[in-house]
$ cat data13.tsv   # TSV, C-alpha atoms and all ligand atoms
chain	number	residue	atom	x	y	z
A	194	MET	CA	-10.97	-9.73	33.72
A	195	PRO	CA	-9.80	-8.34	30.32
A	196	LYS	CA	-12.55	-7.50	27.84
A	197	THR	CA	-13.16	-10.23	25.23
A	198	SER	CA	-16.16	-8.85	23.34
A	199	PHE	CA	-16.01	-5.85	21.00
A	200	HIS	CA	-18.30	-4.01	18.60
A	201	THR	CA	-15.62	-4.41	15.89
A	202	ILE	CA	-12.43	-6.42	15.59
A	203	VAL	CA	-9.92	-5.12	13.05
A	204	ILE	CA	-7.17	-7.58	12.09
A	205	GLY	CA	-3.97	-5.87	10.96
A	206	ALA	CA	-2.51	-2.52	12.05
A	207	GLY	CA	-1.27	-1.17	8.72
A	208	PRO	CA	-2.64	2.14	7.42
A	209	ALA	CA	-5.97	0.50	6.48
A	210	GLY	CA	-6.62	-1.07	9.89
A	211	LEU	CA	-5.46	1.97	11.85
A	212	ALA	CA	-7.62	4.36	9.80
A	213	CYS	CA	-10.66	2.11	10.21
A	214	ALA	CA	-10.21	1.47	13.95
A	215	THR	CA	-9.63	5.15	14.75
A	216	THR	CA	-12.71	6.33	12.83
A	217	LEU	CA	-14.90	3.76	14.62
A	218	ALA	CA	-13.50	4.52	18.08
A	219	ARG	CA	-13.95	8.27	17.55
A	220	ALA	CA	-17.64	7.52	16.99
A	221	GLY	CA	-17.77	5.73	20.36
A	222	ARG	CA	-17.58	2.08	19.21
A	223	SER	CA	-15.48	-0.46	21.13
A	224	VAL	CA	-12.70	-1.62	18.81
A	225	LEU	CA	-10.01	-4.27	19.15
A	226	LEU	CA	-7.09	-3.92	16.75
A	227	LEU	CA	-4.90	-7.02	16.43
A	228	GLU	CA	-1.36	-6.84	15.06
A	229	ARG	CA	0.85	-9.90	14.81
A	230	GLN	CA	4.11	-7.94	14.73
A	231	PRO	CA	5.55	-6.76	18.04
A	232	ARG	CA	5.72	-3.20	16.71
A	233	ILE	CA	3.35	-1.19	14.53
A	234	GLY	CA	4.69	0.40	11.36
A	235	PRO	CA	7.82	-1.12	9.85
A	236	LYS	CA	6.22	-2.51	6.69
A	237	VAL	CA	8.32	-3.12	3.56
A	238	CYS	CA	7.42	0.00	1.61
A	239	ALA	CA	9.02	2.86	-0.31
A	240	GLY	CA	6.67	5.35	1.36
A	241	GLY	CA	5.76	7.36	-1.75
A	242	VAL	CA	2.37	9.07	-1.56
A	243	PRO	CA	0.68	11.89	-3.47
A	244	ALA	CA	0.56	15.05	-1.36
A	245	SER	CA	-3.26	14.79	-1.38
A	246	THR	CA	-3.20	11.38	0.34
A	247	LEU	CA	-1.77	12.81	3.53
A	248	ALA	CA	-4.66	15.24	3.70
A	249	LEU	CA	-6.87	12.20	4.48
A	250	LEU	CA	-5.09	11.98	7.83
A	251	ALA	CA	-4.02	15.55	8.58
A	252	VAL	CA	-0.51	14.18	9.06
A	253	PRO	CA	1.78	16.58	10.97
A	254	PRO	CA	4.34	18.14	8.58
A	255	ALA	CA	7.19	16.66	10.65
A	256	LEU	CA	6.13	13.19	9.45
A	257	ILE	CA	6.81	14.09	5.84
A	258	GLU	CA	10.28	12.96	4.84
A	259	ARG	CA	10.62	14.81	1.54
A	260	GLN	CA	8.29	16.64	-0.88
A	261	PHE	CA	8.74	16.78	-4.64
A	262	ALA	CA	7.56	19.34	-7.16
A	263	ARG	CA	9.77	17.56	-9.71
A	264	GLN	CA	9.94	13.91	-10.78
A	265	GLN	CA	12.19	12.17	-13.27
A	266	ILE	CA	10.66	9.56	-15.54
A	267	GLU	CA	12.82	7.48	-17.83
A	268	SER	CA	11.62	4.87	-20.28
A	269	GLY	CA	13.56	2.96	-22.94
A	270	TRP	CA	13.06	5.79	-25.46
A	271	GLN	CA	12.27	8.92	-23.46
A	272	ARG	CA	13.46	10.99	-20.55
A	273	LEU	CA	10.95	13.31	-18.94
A	274	GLU	CA	11.04	15.77	-16.07
A	275	LEU	CA	7.60	16.37	-14.61
A	276	THR	CA	7.29	19.62	-12.71
A	277	ALA	CA	4.50	21.37	-10.86
A	278	PRO	CA	4.26	24.69	-9.00
A	279	GLU	CA	3.51	22.85	-5.74
A	280	PRO	CA	4.87	19.53	-4.38
A	281	MET	CA	2.84	16.71	-5.93
A	282	VAL	CA	4.38	13.70	-4.20
A	283	CYS	CA	5.88	13.11	-0.75
A	284	THR	CA	7.71	10.34	1.01
A	285	VAL	CA	6.87	9.11	4.49
A	286	ASN	CA	8.69	6.70	6.77
A	287	ARG	CA	6.23	3.84	7.33
A	288	GLU	CA	7.42	3.13	10.84
A	289	LYS	CA	6.94	6.77	11.92
A	290	LEU	CA	3.58	6.95	10.14
A	291	GLY	CA	2.45	3.72	11.81
A	292	GLN	CA	3.56	4.89	15.26
A	293	TRP	CA	1.78	8.23	14.84
A	294	MET	CA	-1.42	6.55	13.61
A	295	ALA	CA	-1.24	4.10	16.54
A	296	GLN	CA	-1.04	7.04	18.98
A	297	GLU	CA	-4.10	8.58	17.34
A	298	ALA	CA	-5.92	5.24	17.58
A	299	THR	CA	-5.05	4.80	21.26
A	300	ALA	CA	-6.14	8.38	22.00
A	301	ALA	CA	-9.47	7.61	20.28
A	302	GLY	CA	-9.96	4.60	22.58
A	303	VAL	CA	-8.94	1.67	20.35
A	304	THR	CA	-7.67	-1.38	22.26
A	305	ILE	CA	-4.47	-2.33	20.42
A	306	MET	CA	-2.85	-5.72	20.95
A	307	THR	CA	0.56	-6.15	19.29
A	308	GLY	CA	2.41	-9.44	18.98
A	309	VAL	CA	-0.99	-11.14	18.68
A	310	ALA	CA	-1.76	-13.06	15.49
A	311	ALA	CA	-5.28	-13.96	14.47
A	312	GLN	CA	-5.16	-17.70	13.68
A	313	THR	CA	-8.70	-18.82	12.91
A	314	ILE	CA	-12.13	-17.28	12.52
A	315	ASP	CA	-15.45	-19.00	13.13
A	316	HIS	CA	-19.00	-18.28	14.35
A	317	ALA	CA	-17.65	-17.84	17.91
A	318	GLY	CA	-15.22	-15.09	16.93
A	319	VAL	CA	-11.54	-14.58	16.24
A	320	HIS	CA	-9.10	-17.02	17.80
A	321	THR	CA	-5.61	-15.68	18.33
A	322	THR	CA	-2.28	-16.67	19.81
A	323	HIS	CA	-3.48	-14.86	22.99
A	324	GLY	CA	-7.10	-15.99	23.38
A	325	SER	CA	-10.43	-15.65	21.64
A	326	PHE	CA	-12.49	-12.51	21.02
A	327	ARG	CA	-16.10	-11.95	19.98
A	328	HIS	CA	-17.33	-9.20	17.69
A	329	GLU	CA	-20.34	-7.85	15.86
A	330	TYR	CA	-18.31	-6.59	12.88
A	331	LEU	CA	-15.03	-7.99	11.55
A	332	VAL	CA	-12.59	-6.03	9.39
A	333	GLY	CA	-9.79	-7.73	7.47
A	334	ALA	CA	-6.95	-5.22	7.21
A	335	ASP	CA	-4.39	-7.98	7.27
A	336	GLY	CA	-2.55	-7.25	4.06
A	337	SER	CA	-1.81	-9.26	0.94
A	338	SER	CA	-1.98	-12.72	2.58
A	339	SER	CA	-5.18	-11.96	4.48
A	340	LEU	CA	-6.67	-14.56	6.82
A	341	VAL	CA	-10.05	-12.80	6.69
A	342	ARG	CA	-10.01	-13.00	2.90
A	343	ARG	CA	-9.32	-16.75	3.11
A	344	HIS	CA	-12.13	-17.07	5.67
A	345	LEU	CA	-14.43	-15.49	3.05
A	346	GLY	CA	-13.24	-18.06	0.50
A	347	LEU	CA	-11.72	-15.45	-1.83
A	348	PRO	CA	-8.48	-16.48	-3.56
A	349	VAL	CA	-5.62	-14.16	-4.55
A	350	GLU	CA	-4.72	-14.89	-8.17
A	351	ARG	CA	-3.36	-11.52	-9.28
A	352	PHE	CA	-0.55	-10.07	-7.22
A	353	GLY	CA	2.73	-8.29	-7.76
A	354	ILE	CA	5.97	-8.22	-5.85
A	355	GLY	CA	8.02	-5.27	-4.64
A	356	LEU	CA	11.63	-5.44	-3.51
A	357	HIS	CA	13.71	-2.57	-2.17
A	358	HIS	CA	16.70	-1.45	-0.16
A	359	GLN	CA	16.32	1.51	2.21
A	360	LEU	CA	19.80	2.92	1.73
A	361	PRO	CA	21.44	5.48	3.99
A	362	GLY	CA	22.54	8.66	2.22
A	363	THR	CA	21.16	11.58	0.27
A	364	PHE	CA	19.30	11.16	-3.01
A	365	ALA	CA	18.35	14.19	-5.08
A	366	ASP	CA	15.28	13.41	-7.18
A	367	MET	CA	12.32	11.09	-7.14
A	368	ALA	CA	12.83	8.88	-10.19
A	369	TRP	CA	10.82	6.23	-12.05
A	370	HIS	CA	12.46	3.93	-14.60
A	371	LEU	CA	10.08	2.12	-16.94
A	372	ASN	CA	12.01	0.04	-19.39
A	373	PRO	CA	10.39	-3.23	-20.53
A	374	ARG	CA	13.76	-4.56	-21.63
A	375	HIS	CA	14.87	-4.55	-17.99
A	376	PHE	CA	11.70	-4.41	-15.90
A	377	GLY	CA	8.95	-6.01	-18.03
A	378	ASN	CA	5.66	-4.30	-17.23
A	379	GLY	CA	7.03	-3.09	-13.88
A	380	TYR	CA	9.57	-0.40	-13.07
A	381	ALA	CA	12.46	0.55	-10.82
A	382	TRP	CA	12.40	3.57	-8.54
A	383	ILE	CA	14.45	5.89	-6.41
A	384	PHE	CA	12.37	7.56	-3.69
A	385	PRO	CA	14.48	9.90	-1.55
A	386	HIS	CA	13.75	10.21	2.16
A	387	ARG	CA	15.42	12.66	4.56
A	388	GLU	CA	18.57	10.71	5.33
A	389	SER	CA	18.03	7.66	3.20
A	390	GLY	CA	16.41	6.55	-0.02
A	391	SER	CA	14.29	3.64	-1.15
A	392	VAL	CA	15.77	2.03	-4.25
A	393	GLY	CA	13.57	-0.75	-5.50
A	394	ILE	CA	11.77	-2.64	-8.20
A	395	TYR	CA	8.17	-3.69	-8.78
A	396	SER	CA	6.87	-6.49	-10.96
A	397	ALA	CA	3.18	-7.11	-11.59
A	398	ASN	CA	4.10	-10.76	-12.04
A	399	GLY	CA	4.14	-11.90	-8.42
A	400	ASN	CA	5.43	-15.32	-9.42
A	401	LEU	CA	8.76	-13.92	-10.60
A	402	PRO	CA	11.37	-15.52	-8.31
A	403	PRO	CA	12.81	-12.90	-5.92
A	404	HIS	CA	16.37	-13.66	-7.09
A	405	ARG	CA	15.40	-12.61	-10.66
A	406	LEU	CA	14.01	-9.36	-9.30
A	407	GLN	CA	17.15	-8.89	-7.24
A	408	GLU	CA	19.35	-9.39	-10.33
A	409	LYS	CA	17.37	-6.78	-12.27
A	410	LEU	CA	17.61	-4.33	-9.39
A	411	HIS	CA	21.36	-4.86	-9.09
A	412	HIS	CA	21.78	-4.20	-12.79
A	413	PHE	CA	19.74	-0.98	-12.49
A	414	ALA	CA	21.65	0.20	-9.41
A	415	GLU	CA	24.97	-0.46	-11.09
A	416	GLN	CA	23.95	1.69	-14.05
A	417	CYS	CA	22.94	4.50	-11.68
A	418	GLY	CA	26.14	4.17	-9.64
A	419	ILE	CA	24.22	3.13	-6.51
A	420	ASP	CA	25.76	0.67	-4.06
A	421	LEU	CA	23.01	-1.57	-2.66
A	422	SER	CA	25.20	-3.34	-0.14
A	423	SER	CA	24.65	-0.91	2.77
A	424	ALA	CA	21.09	-2.15	3.50
A	425	PRO	CA	19.49	-5.57	3.11
A	426	PRO	CA	16.85	-6.25	0.45
A	427	ARG	CA	13.27	-6.56	1.67
A	428	ALA	CA	10.44	-7.86	-0.47
A	429	ALA	CA	6.70	-8.36	-0.12
A	430	ARG	CA	3.67	-9.35	-2.13
A	431	ILE	CA	1.19	-6.74	-3.30
A	432	ASN	CA	-2.36	-8.02	-3.85
A	433	PHE	CA	-4.33	-6.30	-6.60
A	434	ASP	CA	-6.97	-9.00	-7.06
A	435	TYR	CA	-9.99	-6.93	-6.04
A	436	ARG	CA	-13.20	-8.98	-5.53
A	437	GLY	CA	-15.27	-6.75	-3.28
A	438	TRP	CA	-14.94	-5.17	0.15
A	439	HIS	CA	-18.31	-5.45	1.93
A	440	PHE	CA	-19.64	-8.90	2.85
A	441	GLY	CA	-22.47	-8.40	5.34
A	442	LYS	CA	-20.78	-7.77	8.68
A	443	VAL	CA	-17.34	-8.65	7.36
A	444	PHE	CA	-15.22	-6.08	5.51
A	445	LEU	CA	-11.94	-6.25	3.57
A	446	ILE	CA	-9.83	-3.13	3.25
A	447	GLY	CA	-6.46	-2.12	1.79
A	448	ASP	CA	-4.25	-4.88	0.40
A	449	ALA	CA	-6.51	-7.54	1.96
A	450	ALA	CA	-9.21	-6.37	-0.48
A	451	GLY	CA	-6.72	-6.22	-3.38
A	452	LEU	CA	-7.03	-2.46	-3.65
A	453	ALA	CA	-3.38	-1.78	-4.48
A	454	SER	CA	-2.66	-0.80	-8.07
A	455	GLY	CA	-1.53	-3.66	-10.29
A	456	LEU	CA	0.29	-1.19	-12.50
A	457	THR	CA	2.30	0.69	-9.88
A	458	GLY	CA	2.06	-1.45	-6.74
A	459	GLU	CA	0.92	1.61	-4.83
A	460	GLY	CA	-1.57	0.92	-2.04
A	461	ILE	CA	-1.29	3.40	0.84
A	462	TYR	CA	-3.99	5.69	-0.52
A	463	GLY	CA	-6.41	2.79	-1.13
A	464	ALA	CA	-5.65	1.44	2.34
A	465	LEU	CA	-6.38	4.73	4.12
A	466	LEU	CA	-9.46	5.50	2.05
A	467	SER	CA	-11.02	2.04	2.29
A	468	GLY	CA	-10.29	1.97	6.05
A	469	GLU	CA	-12.19	5.19	6.56
A	470	ILE	CA	-15.05	4.18	4.24
A	471	ALA	CA	-15.50	0.74	5.85
A	472	ALA	CA	-15.74	2.42	9.27
A	473	ARG	CA	-18.28	4.97	8.03
A	474	THR	CA	-20.33	2.16	6.44
A	475	ILE	CA	-20.34	0.22	9.71
A	476	LEU	CA	-21.54	3.38	11.48
A	477	ASP	CA	-24.16	4.13	8.83
A	478	PRO	CA	-25.09	1.34	6.37
A	479	ALA	CA	-26.53	3.97	3.98
A	480	TYR	CA	-23.16	5.74	3.73
A	481	THR	CA	-21.82	6.17	0.19
A	482	ASP	CA	-18.61	7.82	-0.93
A	483	GLN	CA	-17.71	8.91	-4.46
A	484	ARG	CA	-13.99	8.57	-3.66
A	485	LEU	CA	-14.37	4.78	-3.47
A	486	ALA	CA	-16.04	4.68	-6.89
A	487	ALA	CA	-13.14	6.79	-8.25
A	488	LEU	CA	-10.57	4.47	-6.67
A	489	LEU	CA	-12.24	1.41	-8.18
A	490	ARG	CA	-12.43	3.09	-11.60
A	491	GLN	CA	-8.72	3.80	-11.42
A	492	HIS	CA	-8.02	0.25	-10.23
A	493	ARG	CA	-9.83	-1.16	-13.29
A	494	LEU	CA	-8.00	1.26	-15.60
A	495	HIS	CA	-4.64	0.13	-14.21
A	496	GLU	CA	-5.62	-3.52	-14.72
A	497	ARG	CA	-6.63	-2.78	-18.32
A	498	VAL	CA	-3.30	-1.09	-19.02
A	499	LEU	CA	-1.52	-4.11	-17.53
A	500	THR	CA	-3.51	-6.52	-19.68
A	501	LEU	CA	-2.83	-4.41	-22.75
A	502	ALA	CA	0.88	-4.35	-22.00
A	503	GLY	CA	0.82	-8.13	-21.51
A	504	HIS	CA	4.09	-9.89	-20.92
A	505	HIS	CA	5.53	-9.38	-24.40
A	506	ARG	CA	8.31	-6.83	-24.55
A	507	TRP	CA	7.05	-5.06	-27.68
A	508	THR	CA	3.44	-4.57	-26.60
A	509	CYS	CA	4.74	-3.53	-23.22
A	510	THR	CA	7.12	-1.01	-24.81
A	511	LEU	CA	4.31	0.41	-26.93
A	512	VAL	CA	1.96	0.82	-23.98
A	513	LEU	CA	4.55	2.26	-21.58
A	514	GLU	CA	6.00	4.66	-24.17
A	515	THR	CA	2.45	5.83	-24.96
A	516	LEU	CA	1.88	6.45	-21.26
A	517	VAL	CA	5.08	8.47	-20.93
A	518	THR	CA	4.17	10.46	-24.06
A	519	ALA	CA	0.72	11.14	-22.58
A	520	LEU	CA	2.40	12.35	-19.39
A	521	ARG	CA	4.74	14.53	-21.43
A	522	CYS	CA	1.75	16.08	-23.21
A	523	ARG	CA	-0.01	16.41	-19.83
A	524	MET	CA	-2.97	14.47	-21.21
A	525	PHE	CA	-3.75	13.43	-17.64
A	526	ASN	CA	-2.66	14.32	-14.16
A	527	HIS	CA	0.36	12.13	-13.40
A	528	THR	CA	-0.82	11.31	-9.85
A	529	ALA	CA	-3.99	9.80	-11.30
A	530	LEU	CA	-1.82	7.18	-12.96
A	531	GLU	CA	1.15	6.74	-10.74
A	532	LEU	CA	0.13	7.14	-7.19
A	533	GLY	CA	-3.57	6.78	-6.76
A	534	GLY	CA	-4.32	10.37	-5.79
A	601	LIG	C1	8.72	-2.92	-1.75
A	601	LIG	C2	7.38	-2.23	-1.64
A	601	LIG	C3	7.30	-0.86	-1.85
A	601	LIG	C4	6.06	-0.21	-1.77
A	601	LIG	N1	6.03	1.14	-1.96
A	601	LIG	C5	4.85	1.79	-1.90
A	601	LIG	C6	4.79	3.22	-2.09
A	601	LIG	O1	5.81	3.88	-2.33
A	601	LIG	N2	3.59	3.82	-2.01
A	601	LIG	C7	2.44	3.13	-1.75
A	601	LIG	O2	1.37	3.73	-1.69
A	601	LIG	N3	2.47	1.78	-1.55
A	601	LIG	C8	3.64	1.10	-1.61
A	601	LIG	N4	3.67	-0.25	-1.38
A	601	LIG	C9	2.41	-0.95	-1.06
A	601	LIG	C10	1.99	-0.64	0.37
A	601	LIG	O3	3.04	-1.00	1.26
A	601	LIG	C11	0.71	-1.41	0.73
A	601	LIG	O4	-0.24	-1.22	-0.30
A	601	LIG	C12	0.12	-0.89	2.05
A	601	LIG	O5	1.00	-1.13	3.11
A	601	LIG	C13	-1.22	-1.58	2.33
A	601	LIG	O6	-1.66	-1.23	3.61
A	601	LIG	P1	-2.59	-2.25	4.43
A	601	LIG	O7	-2.90	-1.54	5.71
A	601	LIG	O8	-3.69	-2.71	3.58
A	601	LIG	O9	-1.69	-3.53	4.70
A	601	LIG	P2	-0.29	-3.68	5.43
A	601	LIG	O10	0.43	-2.40	5.49
A	601	LIG	O11	0.36	-4.85	4.78
A	601	LIG	O12	-0.69	-4.06	6.91
A	601	LIG	C14	-1.25	-5.31	7.23
A	601	LIG	C15	-0.93	-5.62	8.68
A	601	LIG	O13	-1.63	-6.77	9.08
A	601	LIG	C16	-0.80	-7.53	9.93
A	601	LIG	N5	-1.30	-8.91	9.90
A	601	LIG	C17	-1.30	-9.76	8.84
A	601	LIG	N6	-1.86	-10.94	9.19
A	601	LIG	C18	-2.21	-10.81	10.49
A	601	LIG	C19	-2.81	-11.71	11.42
A	601	LIG	N7	-3.18	-12.95	11.06
A	601	LIG	N8	-3.03	-11.28	12.68
A	601	LIG	C20	-2.66	-10.02	13.06
A	601	LIG	N9	-2.07	-9.14	12.22
A	601	LIG	C21	-1.85	-9.53	10.95
A	601	LIG	C22	0.59	-7.36	9.32
A	601	LIG	O14	1.61	-7.63	10.24
A	601	LIG	C23	0.56	-5.89	8.91
A	601	LIG	O15	1.03	-5.03	9.92
A	601	LIG	C24	4.88	-0.93	-1.46
A	601	LIG	C25	4.97	-2.31	-1.23
A	601	LIG	C26	6.20	-2.96	-1.32
A	601	LIG	C27	6.26	-4.44	-1.07
$ encode --input "data13.tsv" --output "structure tokens" --more "lines below"
Ligand SMILES: Cc1cc2nc3c(=O)[nH]c(=O)nc-3n(C[C@H](O)[C@H](O)[C@H](O)COP(=O)(O)OP(=O)(O)OC[C@H]3O[C@@H](n4cnc5c(N)ncnc54)[C@H](O)[C@@H]3O)c2cc1C
Amino acid sequence: MPKTSFHTIVIGAGPAGLACATTLARAGRSVLLLERQPRIGPKVCAGGVPASTLALLAVPPALIERQFARQQIESGWQRLELTAPEPMVCTVNREKLGQWMAQEATAAGVTIMTGVAAQTIDHAGVHTTHGSFRHEYLVGADGSSSLVRRHLGLPVERFGIGLHHQLPGTFADMAWHLNPRHFGNGYAWIFPHRESGSVGIYSANGNLPPHRLQEKLHHFAEQCGIDLSSAPPRAARINFDYRGWHFGKVFLIGDAAGLASGLTGEGIYGALLSGEIAARTILDPAYTDQRLAALLRQHRLHERVLTLAGHHRWTCTLVLETLVTALRCRMFNHTALELGG
């Protein structure tokens, strides 16, 4: 008879859910990790992370696609090359990262069920496409359209949208293009991987119709001489509407909690960190972690910058040009703004 009762059920096997489940299982707790997709990993994502993020996981070097000690930043008025003595940002392939994290989770003793969607949650447990399961703790790691979040009655009112093409070929530099005339308060990017590159666009206005985003991206690619036709576009929502993470014996982590940055759309760091912290809090309710406070401070700062930029092109230009100038003058560490590190 398969086991139907677990200490913790984690819904969603993205970086947040995998980090949480593995930490709990390593401490000897019985954990069920549910993933609705048949395979773990292939999430729509450009895979850009600060070098420091990967230290959270001790990721094997072979999983790193490319490392960058240089980044190009272009705004309407300025062009800037940021350099550092050591690589500051890396790219990872989400599928490979997910597969590696799933192996770690399995080795730790997590029961992983793929192709199983959680459908409803009530006092009796989690009801899925493949039966019902009971739990003491429930963790919502189910991304930007989280069922667990809905179960808690928390809406998602602030979300962005990211759209990219993972194009085969070689791309030299990591590049960010912030130009309100073309991208509003978002930006376009080129993130090189080993044998491909993510070329995409982010808008903090999640209600922008995907075809408008696609048009803007096509215009950008044309200007850069990039042919987007060799890979299909893929888009997804990015929830940055943070309203808490700890609700008694129910937790929200990663995008389900709205921990992605509204300014950059970056969420891997927040997903990994909140996954680990939720697990440690389940293990020890008195656990506190300064890194979460720092993440939330940064999240609020990004929201304030977004609000300041507003949707008007001129305020947006002023705010983004000020940011690029501040980066130029090294008034803050670029990773603190761009990639959550
Ligand atoms: C185009 C694009 C580019 C991006 N680029 C970057 C980047 O360069 N760097 C960065 O840091 N972030 C980036 N992001 C954001 C990043 O992908 C997310 O912040 C990150 O994946 C969040 O991790 P998560 O574990 O919280 O959620 P997810 O990775 O979304 O994982 C949630 C999982 O839950 C599963 N699930 C959902 N509902 C259910 C259910 N009912 N039952 C079972 N399983 C369920 C899903 O299938 C999914 O596997 C990008 C996003 C987009 C859209």
$ residues_around --input "data13.tsv" --residues "A:Gly333" --least-positions-apart "6" --cutoff "12 Å" --atoms "all atoms listed in the file" --output "PDB file with C-alpha atoms, in the frame of the given file"
ATOM      1  CA  THR A 201     -15.620  -4.410  15.890  1.00  0.00           C
ATOM      2  CA  ILE A 202     -12.430  -6.420  15.590  1.00  0.00           C
ATOM      3  CA  VAL A 203      -9.920  -5.120  13.050  1.00  0.00           C
ATOM      4  CA  ILE A 204      -7.170  -7.580  12.090  1.00  0.00           C
ATOM      5  CA  GLY A 205      -3.970  -5.870  10.960  1.00  0.00           C
ATOM      6  CA  ALA A 206      -2.510  -2.520  12.050  1.00  0.00           C
ATOM      7  CA  GLY A 207      -1.270  -1.170   8.720  1.00  0.00           C
ATOM      8  CA  ALA A 209      -5.970   0.500   6.480  1.00  0.00           C
ATOM      9  CA  GLY A 210      -6.620  -1.070   9.890  1.00  0.00           C
ATOM     10  CA  LEU A 211      -5.460   1.970  11.850  1.00  0.00           C
ATOM     11  CA  CYS A 213     -10.660   2.110  10.210  1.00  0.00           C
ATOM     12  CA  ALA A 214     -10.210   1.470  13.950  1.00  0.00           C
ATOM     13  CA  LEU A 226      -7.090  -3.920  16.750  1.00  0.00           C
ATOM     14  CA  LEU A 227      -4.900  -7.020  16.430  1.00  0.00           C
ATOM     15  CA  GLU A 228      -1.360  -6.840  15.060  1.00  0.00           C
ATOM     16  CA  ALA A 311      -5.280 -13.960  14.470  1.00  0.00           C
ATOM     17  CA  ILE A 314     -12.130 -17.280  12.520  1.00  0.00           C
ATOM     18  CA  VAL A 319     -11.540 -14.580  16.240  1.00  0.00           C
ATOM     19  CA  SER A 339      -5.180 -11.960   4.480  1.00  0.00           C
ATOM     20  CA  LEU A 340      -6.670 -14.560   6.820  1.00  0.00           C
ATOM     21  CA  VAL A 341     -10.050 -12.800   6.690  1.00  0.00           C
ATOM     22  CA  ARG A 342     -10.010 -13.000   2.900  1.00  0.00           C
ATOM     23  CA  ARG A 343      -9.320 -16.750   3.110  1.00  0.00           C
ATOM     24  CA  HIS A 344     -12.130 -17.070   5.670  1.00  0.00           C
ATOM     25  CA  LEU A 345     -14.430 -15.490   3.050  1.00  0.00           C
ATOM     26  CA  TRP A 438     -14.940  -5.170   0.150  1.00  0.00           C
ATOM     27  CA  HIS A 439     -18.310  -5.450   1.930  1.00  0.00           C
ATOM     28  CA  PHE A 440     -19.640  -8.900   2.850  1.00  0.00           C
ATOM     29  CA  LYS A 442     -20.780  -7.770   8.680  1.00  0.00           C
ATOM     30  CA  VAL A 443     -17.340  -8.650   7.360  1.00  0.00           C
ATOM     31  CA  PHE A 444     -15.220  -6.080   5.510  1.00  0.00           C
ATOM     32  CA  LEU A 445     -11.940  -6.250   3.570  1.00  0.00           C
ATOM     33  CA  ILE A 446      -9.830  -3.130   3.250  1.00  0.00           C
ATOM     34  CA  GLY A 447      -6.460  -2.120   1.790  1.00  0.00           C
ATOM     35  CA  ASP A 448      -4.250  -4.880   0.400  1.00  0.00           C
ATOM     36  CA  ALA A 449      -6.510  -7.540   1.960  1.00  0.00           C
ATOM     37  CA  ALA A 450      -9.210  -6.370  -0.480  1.00  0.00           C
ATOM     38  CA  GLY A 451      -6.720  -6.220  -3.380  1.00  0.00           C
ATOM     39  CA  ALA A 464      -5.650   1.440   2.340  1.00  0.00           C
ATOM     40  CA  SER A 467     -11.020   2.040   2.290  1.00  0.00           C
ATOM     41  CA  GLY A 468     -10.290   1.970   6.050  1.00  0.00           C
ATOM     42  CA  ALA A 471     -15.500   0.740   5.850  1.00  0.00           C
ATOM     43  CA  ALA A 472     -15.740   2.420   9.270  1.00  0.00           C
TER      44      ALA A 472
END
$ closest_residue --input "data13.tsv" --among "A:Ala368, A:Val282, A:Trp270, A:Ala479" --to "A:Cys417" --atoms "all atoms listed in the file"
A:Ala368
$ atom_distance --input "data13.tsv" --atom1 "atom CA of A:Glu496" --atom2 "atom CA of A:Thr481"
24.1 Å
$ residues_around --input "data13.tsv" --residues "A:Val303" --least-positions-apart "6" --cutoff "8 Å" --atoms "all atoms listed in the file" --output "list in words"
Ala214, Thr215, Ala218, Ser223, Val224, Leu225 and Leu226 of chain A
$ residues_around --input "data13.tsv" --residues "A:Glu408" --least-positions-apart "2" --cutoff "12 Å" --atoms "all atoms listed in the file" --output "mmCIF file with C-alpha atoms, keeping the file's coordinate frame"
data_model
loop_
_atom_site.group_PDB
_atom_site.id
_atom_site.type_symbol
_atom_site.label_atom_id
_atom_site.label_comp_id
_atom_site.auth_asym_id
_atom_site.auth_seq_id
_atom_site.Cartn_x
_atom_site.Cartn_y
_atom_site.Cartn_z
ATOM 1 C CA LEU A 356 11.630 -5.440 -3.510
ATOM 2 C CA HIS A 375 14.870 -4.550 -17.990
ATOM 3 C CA PHE A 376 11.700 -4.410 -15.900
ATOM 4 C CA GLY A 393 13.570 -0.750 -5.500
ATOM 5 C CA ILE A 394 11.770 -2.640 -8.200
ATOM 6 C CA LEU A 401 8.760 -13.920 -10.600
ATOM 7 C CA PRO A 402 11.370 -15.520 -8.310
ATOM 8 C CA PRO A 403 12.810 -12.900 -5.920
ATOM 9 C CA HIS A 404 16.370 -13.660 -7.090
ATOM 10 C CA ARG A 405 15.400 -12.610 -10.660
ATOM 11 C CA LEU A 406 14.010 -9.360 -9.300
ATOM 12 C CA LEU A 410 17.610 -4.330 -9.390
ATOM 13 C CA HIS A 411 21.360 -4.860 -9.090
ATOM 14 C CA HIS A 412 21.780 -4.200 -12.790
ATOM 15 C CA PHE A 413 19.740 -0.980 -12.490
ATOM 16 C CA ALA A 414 21.650 0.200 -9.410
ATOM 17 C CA GLU A 415 24.970 -0.460 -11.090
ATOM 18 C CA LEU A 421 23.010 -1.570 -2.660
ATOM 19 C CA PRO A 426 16.850 -6.250 0.450
#
$ closest_residue --input "data13.tsv" --among "A:His386, A:His492, A:Arg506, A:Arg430" --to "A:Gln260" --atoms "only C-alpha atoms"
A:His386
$ residues_around --input "data13.tsv" --residues "A:Gly503" --least-positions-apart "4" --cutoff "12 Å" --atoms "all atoms listed in the file" --output "count of residues only"
18
$ residues_around --input "data13.tsv" --residues "A:Val285" --least-positions-apart "6" --cutoff "10 Å" --atoms "all atoms listed in the file" --output "PyMOL selection string"
chain A and resi 238-242+247+255-260+384-387
